[in-house]
$ cat protein06.cif   # mmCIF, C-alpha atoms
data_work
loop_
_atom_site.label_atom_id
_atom_site.label_comp_id
_atom_site.auth_asym_id
_atom_site.auth_seq_id
_atom_site.Cartn_x
_atom_site.Cartn_y
_atom_site.Cartn_z
CA MET A 1 29.72 87.64 -71.24
CA LYS A 2 27.55 89.09 -68.49
CA GLN A 3 26.76 92.80 -68.46
CA PRO A 4 28.36 94.83 -65.66
CA THR A 5 26.09 95.29 -62.64
CA LEU A 6 28.29 97.08 -60.12
CA GLY A 7 28.35 100.59 -61.56
CA ASN A 8 25.25 101.56 -59.64
CA PRO A 9 25.34 102.37 -55.90
CA GLN A 10 22.52 100.00 -54.82
CA ASN A 11 24.35 96.95 -56.18
CA THR A 12 27.63 98.07 -54.63
CA ILE A 13 25.96 98.50 -51.23
CA ALA A 14 24.29 95.08 -51.55
CA VAL A 15 27.66 93.38 -52.19
CA LEU A 16 29.37 95.20 -49.32
CA GLN A 17 26.54 94.26 -46.92
CA LYS A 18 26.47 90.63 -48.07
CA TYR A 19 30.13 90.27 -47.10
CA ASN A 20 30.09 92.69 -44.13
CA PHE A 21 32.95 94.46 -45.85
CA VAL A 22 34.80 97.11 -43.83
CA PHE A 23 36.71 99.82 -45.72
CA GLN A 24 40.40 99.81 -44.89
CA LYS A 25 41.85 103.28 -44.49
CA LYS A 26 45.39 101.90 -44.84
CA PHE A 27 44.57 100.73 -48.40
CA GLY A 28 42.97 104.07 -49.39
CA GLN A 29 39.77 102.37 -50.59
CA ASN A 30 37.24 104.50 -52.49
CA PHE A 31 35.00 102.52 -54.87
CA LEU A 32 33.57 104.08 -58.02
CA ILE A 33 29.78 104.25 -58.17
CA ASP A 34 29.15 106.13 -61.40
CA THR A 35 28.51 104.32 -64.68
CA HIS A 36 29.28 107.43 -66.79
CA VAL A 37 32.74 107.73 -65.26
CA LEU A 38 33.37 104.01 -65.76
CA ASP A 39 32.40 104.26 -69.44
CA LYS A 40 34.65 107.30 -69.80
CA ILE A 41 37.66 105.44 -68.35
CA ILE A 42 37.18 102.46 -70.68
CA ARG A 43 36.85 104.80 -73.67
CA ALA A 44 39.85 106.89 -72.63
CA ALA A 45 42.00 103.77 -72.23
CA GLN A 46 40.96 102.71 -75.77
CA ILE A 47 40.54 99.09 -74.70
CA SER A 48 39.93 96.70 -77.58
CA GLU A 49 39.33 92.95 -77.75
CA ASP A 50 43.02 92.40 -78.58
CA ASP A 51 44.19 94.02 -75.36
CA CYS A 52 45.59 92.55 -72.18
CA VAL A 53 44.83 94.92 -69.30
CA LEU A 54 46.54 95.16 -65.93
CA GLU A 55 44.12 96.57 -63.36
CA ILE A 56 45.64 97.76 -60.10
CA GLY A 57 43.31 97.68 -57.07
CA PRO A 58 40.08 96.23 -58.50
CA GLY A 59 38.25 96.63 -55.17
CA ILE A 60 34.96 94.72 -55.44
CA GLY A 61 35.37 94.36 -59.21
CA THR A 62 33.31 97.33 -60.44
CA MET A 63 35.68 98.46 -63.19
CA THR A 64 36.94 94.90 -63.68
CA GLN A 65 33.50 93.91 -65.05
CA TYR A 66 33.66 96.77 -67.58
CA LEU A 67 37.24 95.89 -68.56
CA ALA A 68 36.36 92.21 -68.95
CA CYS A 69 33.63 93.11 -71.44
CA ALA A 70 36.02 95.23 -73.50
CA ALA A 71 39.38 93.41 -73.36
CA ARG A 72 40.70 90.00 -74.33
CA ARG A 73 42.32 89.44 -70.92
CA VAL A 74 42.28 91.26 -67.57
CA ILE A 75 44.82 90.72 -64.79
CA ALA A 76 43.59 92.34 -61.58
CA VAL A 77 46.08 92.80 -58.73
CA GLU A 78 44.42 93.35 -55.33
CA ILE A 79 46.36 93.75 -52.07
CA ASP A 80 43.40 93.34 -49.64
CA ARG A 81 42.78 89.66 -48.90
CA ALA A 82 39.26 90.47 -47.62
CA LEU A 83 38.26 91.44 -51.18
CA ILE A 84 39.29 88.15 -52.81
CA PRO A 85 36.09 86.17 -51.98
CA ILE A 86 34.03 89.20 -53.10
CA LEU A 87 35.90 89.32 -56.43
CA GLU A 88 35.33 85.57 -56.92
CA ASP A 89 31.62 86.29 -56.56
CA THR A 90 31.32 89.53 -58.60
CA LEU A 91 33.56 88.20 -61.40
CA ASP A 92 31.85 84.81 -61.62
CA GLY A 93 30.97 84.33 -65.29
CA TYR A 94 33.78 86.59 -66.55
CA ASP A 95 36.15 83.89 -67.74
CA ASN A 96 38.86 86.21 -69.08
CA VAL A 97 39.88 87.65 -65.67
CA ARG A 98 42.74 86.51 -63.44
CA VAL A 99 42.86 87.92 -59.89
CA ILE A 100 46.20 88.07 -58.06
CA ASN A 101 46.21 88.78 -54.30
CA GLU A 102 49.47 90.69 -54.05
CA ASP A 103 51.04 94.12 -53.55
CA VAL A 104 51.50 95.47 -57.09
CA LEU A 105 54.86 96.99 -56.12
CA LYS A 106 56.12 93.43 -55.57
CA VAL A 107 54.67 91.88 -58.74
CA ASP A 108 56.93 91.04 -61.69
CA ILE A 109 54.82 92.76 -64.35
CA ALA A 110 57.25 91.93 -67.18
CA LYS A 111 56.80 88.22 -66.33
CA LEU A 112 52.99 88.66 -66.27
CA ALA A 113 53.09 90.36 -69.69
CA GLU A 114 55.15 87.42 -70.96
CA GLU A 115 52.70 84.82 -69.56
CA GLU A 116 49.47 86.58 -70.47
CA ASN A 117 50.33 88.66 -73.54
CA GLY A 118 53.33 86.99 -75.20
CA GLY A 119 55.57 89.79 -73.94
CA ARG A 120 53.63 92.48 -75.83
CA PRO A 121 52.88 95.71 -73.96
CA VAL A 122 49.87 95.69 -71.63
CA LYS A 123 47.53 98.60 -70.90
CA VAL A 124 47.30 99.66 -67.26
CA VAL A 125 43.96 100.90 -65.92
CA ALA A 126 43.38 101.74 -62.26
CA ASN A 127 41.46 103.68 -59.67
CA LEU A 128 44.62 104.21 -57.63
CA PRO A 129 44.82 104.61 -53.85
CA TYR A 130 45.97 108.22 -53.53
CA TYR A 131 48.66 107.61 -50.94
CA ILE A 132 50.59 105.31 -53.27
CA THR A 133 49.94 106.81 -56.72
CA THR A 134 53.46 108.11 -57.31
CA PRO A 135 55.38 104.94 -56.28
CA ILE A 136 53.12 102.79 -58.49
CA ILE A 137 53.44 105.00 -61.57
CA MET A 138 57.18 105.55 -61.08
CA GLY A 139 57.65 101.81 -60.57
CA LEU A 140 55.98 101.10 -63.93
CA PHE A 141 58.23 103.67 -65.64
CA GLU A 142 61.56 102.94 -63.99
CA LYS A 143 61.40 99.19 -64.35
CA HIS A 144 60.83 99.72 -68.09
CA VAL A 145 57.89 97.32 -67.90
CA PRO A 146 56.21 96.61 -71.28
CA VAL A 147 53.31 99.07 -70.93
CA LYS A 148 51.56 100.86 -73.80
CA SER A 149 49.45 103.30 -71.81
CA ILE A 150 48.41 104.01 -68.21
CA THR A 151 44.88 105.35 -67.63
CA VAL A 152 44.33 106.08 -63.97
CA MET A 153 42.07 107.84 -61.53
CA VAL A 154 44.20 109.98 -59.25
CA GLN A 155 43.82 112.95 -56.94
CA LYS A 156 43.06 116.05 -59.03
CA GLU A 157 46.14 117.94 -57.86
CA VAL A 158 48.40 114.99 -58.72
CA ALA A 159 46.95 114.91 -62.25
CA ASP A 160 47.62 118.65 -62.54
CA ARG A 161 51.18 118.11 -61.34
CA MET A 162 51.80 115.40 -63.94
CA GLN A 163 50.98 117.57 -66.92
CA THR A 164 52.18 121.03 -65.87
CA GLY A 165 55.27 122.84 -67.19
CA PRO A 166 58.06 125.03 -65.74
CA GLY A 167 57.20 128.05 -63.64
CA SER A 168 53.95 126.78 -62.08
CA LYS A 169 53.70 125.92 -58.38
CA ASP A 170 52.58 122.37 -59.28
CA TYR A 171 55.71 121.75 -61.39
CA GLY A 172 58.12 119.35 -59.78
CA ALA A 173 59.98 116.06 -59.93
CA LEU A 174 56.77 114.13 -60.73
CA SER A 175 55.95 116.43 -63.69
CA LEU A 176 59.42 115.90 -65.17
CA ALA A 177 59.45 112.14 -64.61
CA VAL A 178 56.01 111.62 -66.14
CA GLN A 179 56.83 113.81 -69.15
CA TYR A 180 60.18 112.05 -69.69
CA TYR A 181 58.46 108.67 -69.95
CA ALA A 182 55.02 109.54 -71.33
CA ARG A 183 52.62 112.07 -72.87
CA PRO A 184 50.05 112.97 -70.19
CA TYR A 185 46.59 114.36 -70.69
CA ILE A 186 43.67 114.78 -68.32
CA VAL A 187 40.57 113.01 -69.62
CA ALA A 188 37.97 114.04 -67.01
CA ASN A 189 37.57 115.63 -63.61
CA VAL A 190 35.58 113.49 -61.19
CA PRO A 191 33.79 114.92 -58.12
CA PRO A 192 33.82 113.16 -54.70
CA ASN A 193 30.17 112.02 -54.97
CA CYS A 194 31.16 109.46 -57.64
CA PHE A 195 32.84 107.33 -54.96
CA MET A 196 31.93 105.35 -51.89
CA PRO A 197 33.09 106.38 -49.35
CA ARG A 198 33.45 109.95 -50.61
CA PRO A 199 37.05 111.15 -50.67
CA LYS A 200 37.75 114.63 -49.26
CA VAL A 201 39.34 115.80 -52.51
CA GLY A 202 38.44 116.00 -56.18
CA SER A 203 39.80 113.37 -58.55
CA ALA A 204 40.77 113.22 -62.21
CA VAL A 205 41.27 110.54 -64.84
CA ILE A 206 44.62 110.98 -66.57
CA ARG A 207 45.99 108.99 -69.48
CA LEU A 208 49.73 108.55 -69.95
CA ASP A 209 50.88 107.32 -73.37
CA LEU A 210 54.38 105.93 -73.03
CA HIS A 211 56.99 107.31 -75.42
CA GLU A 212 58.72 104.76 -77.64
CA GLU A 213 61.82 106.94 -77.28
CA PRO A 214 62.23 109.60 -74.56
CA PRO A 215 61.65 113.15 -75.92
CA ILE A 216 65.18 114.14 -74.90
CA GLN A 217 68.51 112.29 -74.90
CA VAL A 218 70.57 112.15 -71.72
CA LYS A 219 73.82 110.25 -71.07
CA ASP A 220 72.90 109.17 -67.53
CA GLU A 221 69.17 108.94 -66.80
CA LYS A 222 69.66 108.09 -63.11
CA LEU A 223 71.95 111.09 -62.55
CA MET A 224 69.41 113.37 -64.24
CA PHE A 225 66.67 112.22 -61.86
CA ARG A 226 68.96 112.62 -58.84
CA ILE A 227 69.58 116.23 -59.96
CA ILE A 228 65.85 116.78 -60.49
CA ARG A 229 64.98 115.43 -57.03
CA ALA A 230 67.71 117.52 -55.40
CA SER A 231 66.54 120.70 -57.12
CA PHE A 232 62.95 120.28 -55.87
CA ASN A 233 63.70 118.91 -52.40
CA GLN A 234 64.28 122.45 -51.21
CA ARG A 235 62.13 124.49 -53.54
CA ARG A 236 62.90 127.81 -51.92
CA LYS A 237 66.62 127.46 -52.49
CA THR A 238 68.46 128.30 -55.67
CA LEU A 239 69.26 125.40 -57.97
CA ALA A 240 72.97 125.66 -57.09
CA ASN A 241 72.28 125.40 -53.34
CA GLY A 242 69.81 122.56 -53.81
CA LEU A 243 72.43 120.53 -55.70
CA LYS A 244 75.23 121.40 -53.26
CA ASN A 245 73.14 120.34 -50.22
CA SER A 246 71.91 117.07 -51.68
CA PRO A 247 73.16 113.86 -50.00
CA GLU A 248 72.53 112.11 -53.34
CA LEU A 249 75.07 114.23 -55.25
CA ASP A 250 78.78 114.71 -54.84
CA PHE A 251 79.91 117.62 -57.04
CA GLU A 252 82.14 120.53 -56.12
CA LYS A 253 80.48 123.89 -55.74
CA GLU A 254 82.50 125.41 -58.62
CA LYS A 255 81.56 122.60 -61.00
CA ILE A 256 77.85 122.97 -60.18
CA GLU A 257 77.94 126.74 -60.67
CA ALA A 258 79.84 126.46 -63.95
CA ALA A 259 77.37 123.86 -65.27
CA ILE A 260 74.39 126.10 -64.39
CA LEU A 261 75.99 129.16 -66.00
CA SER A 262 76.75 127.14 -69.15
CA LEU A 263 72.97 126.70 -69.58
CA GLY A 264 72.79 130.45 -70.11
CA LYS A 265 70.96 130.87 -66.80
CA GLY A 266 71.85 133.22 -63.97
CA ALA A 267 73.43 131.86 -60.78
CA SER A 268 70.24 132.52 -58.79
CA ILE A 269 67.95 130.39 -61.00
CA ARG A 270 65.67 127.91 -59.22
CA GLY A 271 64.99 124.35 -60.32
CA GLU A 272 61.34 125.07 -61.07
CA ALA A 273 62.39 127.34 -63.98
CA LEU A 274 64.21 124.56 -65.90
CA THR A 275 62.70 122.44 -68.66
CA LEU A 276 63.30 118.72 -69.02
CA ALA A 277 65.80 119.40 -71.83
CA GLU A 278 67.72 121.81 -69.57
CA PHE A 279 67.89 119.25 -66.77
CA ALA A 280 69.25 116.74 -69.30
CA ALA A 281 71.88 119.25 -70.46
CA LEU A 282 72.83 119.95 -66.83
CA ALA A 283 73.20 116.21 -66.13
CA ASP A 284 75.36 115.76 -69.25
CA ARG A 285 77.63 118.64 -68.18
CA LEU A 286 78.00 117.24 -64.68
CA SER A 287 78.48 113.60 -65.70
#
$ encode --input "protein06.cif" --output "structure tokens"
Amino acid sequence: MKQPTLGNPQNTIAVLQKYNFVFQKKFGQNFLIDTHVLDKIIRAAQISEDDCVLEIGPGIGTMTQYLACAARRVIAVEIDRALIPILEDTLDGYDNVRVINEDVLKVDIAKLAEEENGGRPVKVVANLPYYITTPIIMGLFEKHVPVKSITVMVQKEVADRMQTGPGSKDYGALSLAVQYYARPYIVANVPPNCFMPRPKVGSAVIRLDLHEEPPIQVKDEKLMFRIIRASFNQRRKTLANGLKNSPELDFEKEKIEAAILSLGKGASIRGEALTLAEFAALADRLS
């Protein structure tokens, strides 16, 4: 197997010039140009030669080369057709990589895991476009795709949001969803100069280890998440008002207030003060 060559900026620039590649703002393209960060991601994802890895947004194949050296199989899903000939070039000689030109939100990942990994869970690794981070991660969770862990580069404030608890200004629907499905921890903070072009914000690598069983039991998972979304849609409002005003929910005012009081909380409590377990209890009382 060839050694990765794309971690350094000169080689990245050479490839981009060779193909006259133009960065697409609509795809949120920022390519990694730091070998230390790349090594850190591979280590954090704990990729071994038994693993099948799903890489979302391989770009010109920088991280794909590193993954190919570490894993048994790499499936790289790239939405930008202009990058496909570049990937054919940069991944020439890496015979354990399959590139799929598709929008990852439309890919049947369970079917891919069946074809490429005998249905066993895959590991997801990605330098995610920031505008679509949440839909991609939530899609992986909600479809109950066979995934063991997700190690991704995201915007720093999104990483903070994923791992924070009640009472902080970053705490919200994303924090609760991530913590319901996985154990999050931030592996590294990554400054803008590690990318080309430089993003305007700091980034972080976060690893999400999926729970085999959710940490709390709830009768109706979908109802719980509707309640969570409603309680954070209007953060300034009390929890009771947030739930009453939500088009997604249809409960009488009295029932909502009684359910909140039965948690042992005052009527003026806000959603951001509730733990995941309390949201589950609230959903069970309302269901």
$ resolve_selection --input "protein06.cif" --expression "the PyMOL selection byres ((chain A and resi 42) around 12)" --output "number ranges by chain"
A: 35-41, 43-48, 51, 53, 55, 63-71, 123-127, 150-153, 187, 205, 207
$ residues_around --input "protein06.cif" --residues "Leu6 of chain A" --least-positions-apart "6" --cutoff "8 Å" --atoms "all atoms listed in the file" --output "PyMOL selection string"
chain A and resi 12+33+61-62+65
$ residues_around --input "protein06.cif" --residues "Gly119 of chain A" --least-positions-apart "5" --cutoff "12 Å" --atoms "all atoms listed in the file" --output "list in words"
Cys52, Ile109, Ala110, Lys111, Leu112, Ala113, Glu114, Val145, Pro146, Val147 and Lys148 of chain A
$ atom_distance --input "protein06.cif" --atom1 "atom CA of Asp80 of chain A" --atom2 "atom CA of Gln155 of chain A"
20.9 Å
$ atom_distance --input "protein06.cif" --atom1 "atom CA of Phe21 of chain A" --atom2 "atom CA of Ala188 of chain A"
29.3 Å
$ atom_distance --input "protein06.cif" --atom1 "atom CA of Leu274 of chain A" --atom2 "atom CA of Thr164 of chain A"
12.5 Å
$ closest_residue --input "protein06.cif" --among "A:Asp89, A:Ile227, A:Tyr130, A:Ile269" --to "Lys200 of chain A" --atoms "all atoms listed in the file"
A:Tyr130
$ axis_aligned_box --input "protein06.cif" --around "segment 108-113 of chain A" --padding-each-side "3 Å" --output "AutoDock Vina command-line options"
--center_x 55.1 --center_y 90.5 --center_z -65.7 --size_x 10.3 --size_y 10.5 --size_z 14.0
$ closest_residue --input "protein06.cif" --among "A:Leu276, A:Leu282, A:Ala259, A:Leu83" --to "Tyr181 of chain A" --atoms "only C-alpha atoms"
A:Leu276
$ resolve_selection --input "protein06.cif" --expression "the PyMOL selection byres ((chain A and resi 211) around 10)" --output "list in words"
Lys148, Ser149, Gln179, Tyr180, Tyr181, Ala182, Arg183, Leu208, Asp209, Leu210, Glu212, Glu213, Pro214 and Pro215 of chain A
$ residues_around --input "protein06.cif" --residues "segment 14-16 of chain A" --least-positions-apart "5" --cutoff "9 Å" --atoms "only C-alpha atoms" --output "VMD selection string"
chain A and resid 6 9 21 to 22 60 86 90
$ decode --input "protein06.cif" --residues "segment 91-115 of chain A" --atoms "N, CA and C atoms" --output "mmCIF file, in the first residue's frame"
data_model
loop_
_atom_site.group_PDB
_atom_site.id
_atom_site.type_symbol
_atom_site.label_atom_id
_atom_site.label_comp_id
_atom_site.auth_asym_id
_atom_site.auth_seq_id
_atom_site.Cartn_x
_atom_site.Cartn_y
_atom_site.Cartn_z
ATOM 1 N N LEU A 91 -6.309 8.187 -5.373
ATOM 2 C CA LEU A 91 -6.500 6.894 -4.703
ATOM 3 C C LEU A 91 -6.046 5.726 -5.574
ATOM 4 N N ASP A 92 -5.383 6.053 -6.690
ATOM 5 C CA ASP A 92 -4.829 4.993 -7.542
ATOM 6 C C ASP A 92 -3.782 4.230 -6.729
ATOM 7 N N GLY A 93 -3.895 2.915 -6.684
ATOM 8 C CA GLY A 93 -2.932 2.132 -5.895
ATOM 9 C C GLY A 93 -3.460 1.764 -4.509
ATOM 10 N N TYR A 94 -4.584 2.391 -4.112
ATOM 11 C CA TYR A 94 -5.246 1.979 -2.855
ATOM 12 C C TYR A 94 -6.422 1.088 -3.258
ATOM 13 N N ASP A 95 -6.197 -0.226 -3.223
ATOM 14 C CA ASP A 95 -7.196 -1.120 -3.825
ATOM 15 C C ASP A 95 -8.333 -1.497 -2.869
ATOM 16 N N ASN A 96 -8.322 -0.926 -1.658
ATOM 17 C CA ASN A 96 -9.387 -1.274 -0.707
ATOM 18 C C ASN A 96 -10.397 -0.138 -0.532
ATOM 19 N N VAL A 97 -10.432 0.791 -1.526
ATOM 20 C CA VAL A 97 -11.334 1.951 -1.423
ATOM 21 C C VAL A 97 -12.391 1.882 -2.521
ATOM 22 N N ARG A 98 -13.635 2.152 -2.120
ATOM 23 C CA ARG A 98 -14.724 2.291 -3.105
ATOM 24 C C ARG A 98 -15.287 3.706 -2.974
ATOM 25 N N VAL A 99 -15.326 4.433 -4.095
ATOM 26 C CA VAL A 99 -15.847 5.803 -4.092
ATOM 27 C C VAL A 99 -17.254 5.795 -4.684
ATOM 28 N N ILE A 100 -18.175 6.443 -3.979
ATOM 29 C CA ILE A 100 -19.566 6.541 -4.445
ATOM 30 C C ILE A 100 -19.899 8.018 -4.630
ATOM 31 N N ASN A 101 -20.304 8.396 -5.852
ATOM 32 C CA ASN A 101 -20.656 9.797 -6.130
ATOM 33 C C ASN A 101 -22.144 9.987 -5.844
ATOM 34 N N GLU A 102 -22.430 10.421 -4.626
ATOM 35 C CA GLU A 102 -23.829 10.459 -4.178
ATOM 36 C C GLU A 102 -23.935 11.397 -2.984
ATOM 37 N N ASP A 103 -25.155 11.857 -2.717
ATOM 38 C CA ASP A 103 -25.450 12.628 -1.506
ATOM 39 C C ASP A 103 -25.635 11.620 -0.373
ATOM 40 N N VAL A 104 -24.828 11.731 0.682
ATOM 41 C CA VAL A 104 -24.858 10.709 1.744
ATOM 42 C C VAL A 104 -26.238 10.604 2.405
ATOM 43 N N LEU A 105 -27.010 11.696 2.370
ATOM 44 C CA LEU A 105 -28.346 11.644 2.977
ATOM 45 C C LEU A 105 -29.292 10.737 2.180
ATOM 46 N N LYS A 106 -28.878 10.422 0.941
ATOM 47 C CA LYS A 106 -29.746 9.563 0.104
ATOM 48 C C LYS A 106 -29.205 8.142 -0.012
ATOM 49 N N VAL A 107 -28.086 7.865 0.641
ATOM 50 C CA VAL A 107 -27.452 6.542 0.507
ATOM 51 C C VAL A 107 -28.051 5.573 1.535
ATOM 52 N N ASP A 108 -28.304 4.345 1.106
ATOM 53 C CA ASP A 108 -28.778 3.301 2.029
ATOM 54 C C ASP A 108 -27.554 2.693 2.724
ATOM 55 N N ILE A 109 -27.222 3.249 3.892
ATOM 56 C CA ILE A 109 -25.981 2.844 4.565
ATOM 57 C C ILE A 109 -26.093 1.425 5.122
ATOM 58 N N ALA A 110 -27.291 1.041 5.543
ATOM 59 C CA ALA A 110 -27.491 -0.335 6.047
ATOM 60 C C ALA A 110 -27.169 -1.342 4.932
ATOM 61 N N LYS A 111 -27.597 -1.014 3.699
ATOM 62 C CA LYS A 111 -27.338 -1.903 2.561
ATOM 63 C C LYS A 111 -25.821 -1.959 2.278
ATOM 64 N N LEU A 112 -25.161 -0.782 2.360
ATOM 65 C CA LEU A 112 -23.702 -0.749 2.164
ATOM 66 C C LEU A 112 -22.988 -1.609 3.209
ATOM 67 N N ALA A 113 -23.426 -1.493 4.465
ATOM 68 C CA ALA A 113 -22.805 -2.278 5.542
ATOM 69 C C ALA A 113 -22.995 -3.768 5.284
ATOM 70 N N GLU A 114 -24.154 -4.114 4.714
ATOM 71 C CA GLU A 114 -24.436 -5.518 4.377
ATOM 72 C C GLU A 114 -23.479 -5.994 3.273
ATOM 73 N N GLU A 115 -23.352 -5.176 2.217
ATOM 74 C CA GLU A 115 -22.515 -5.550 1.067
ATOM 75 C C GLU A 115 -21.030 -5.608 1.443
#
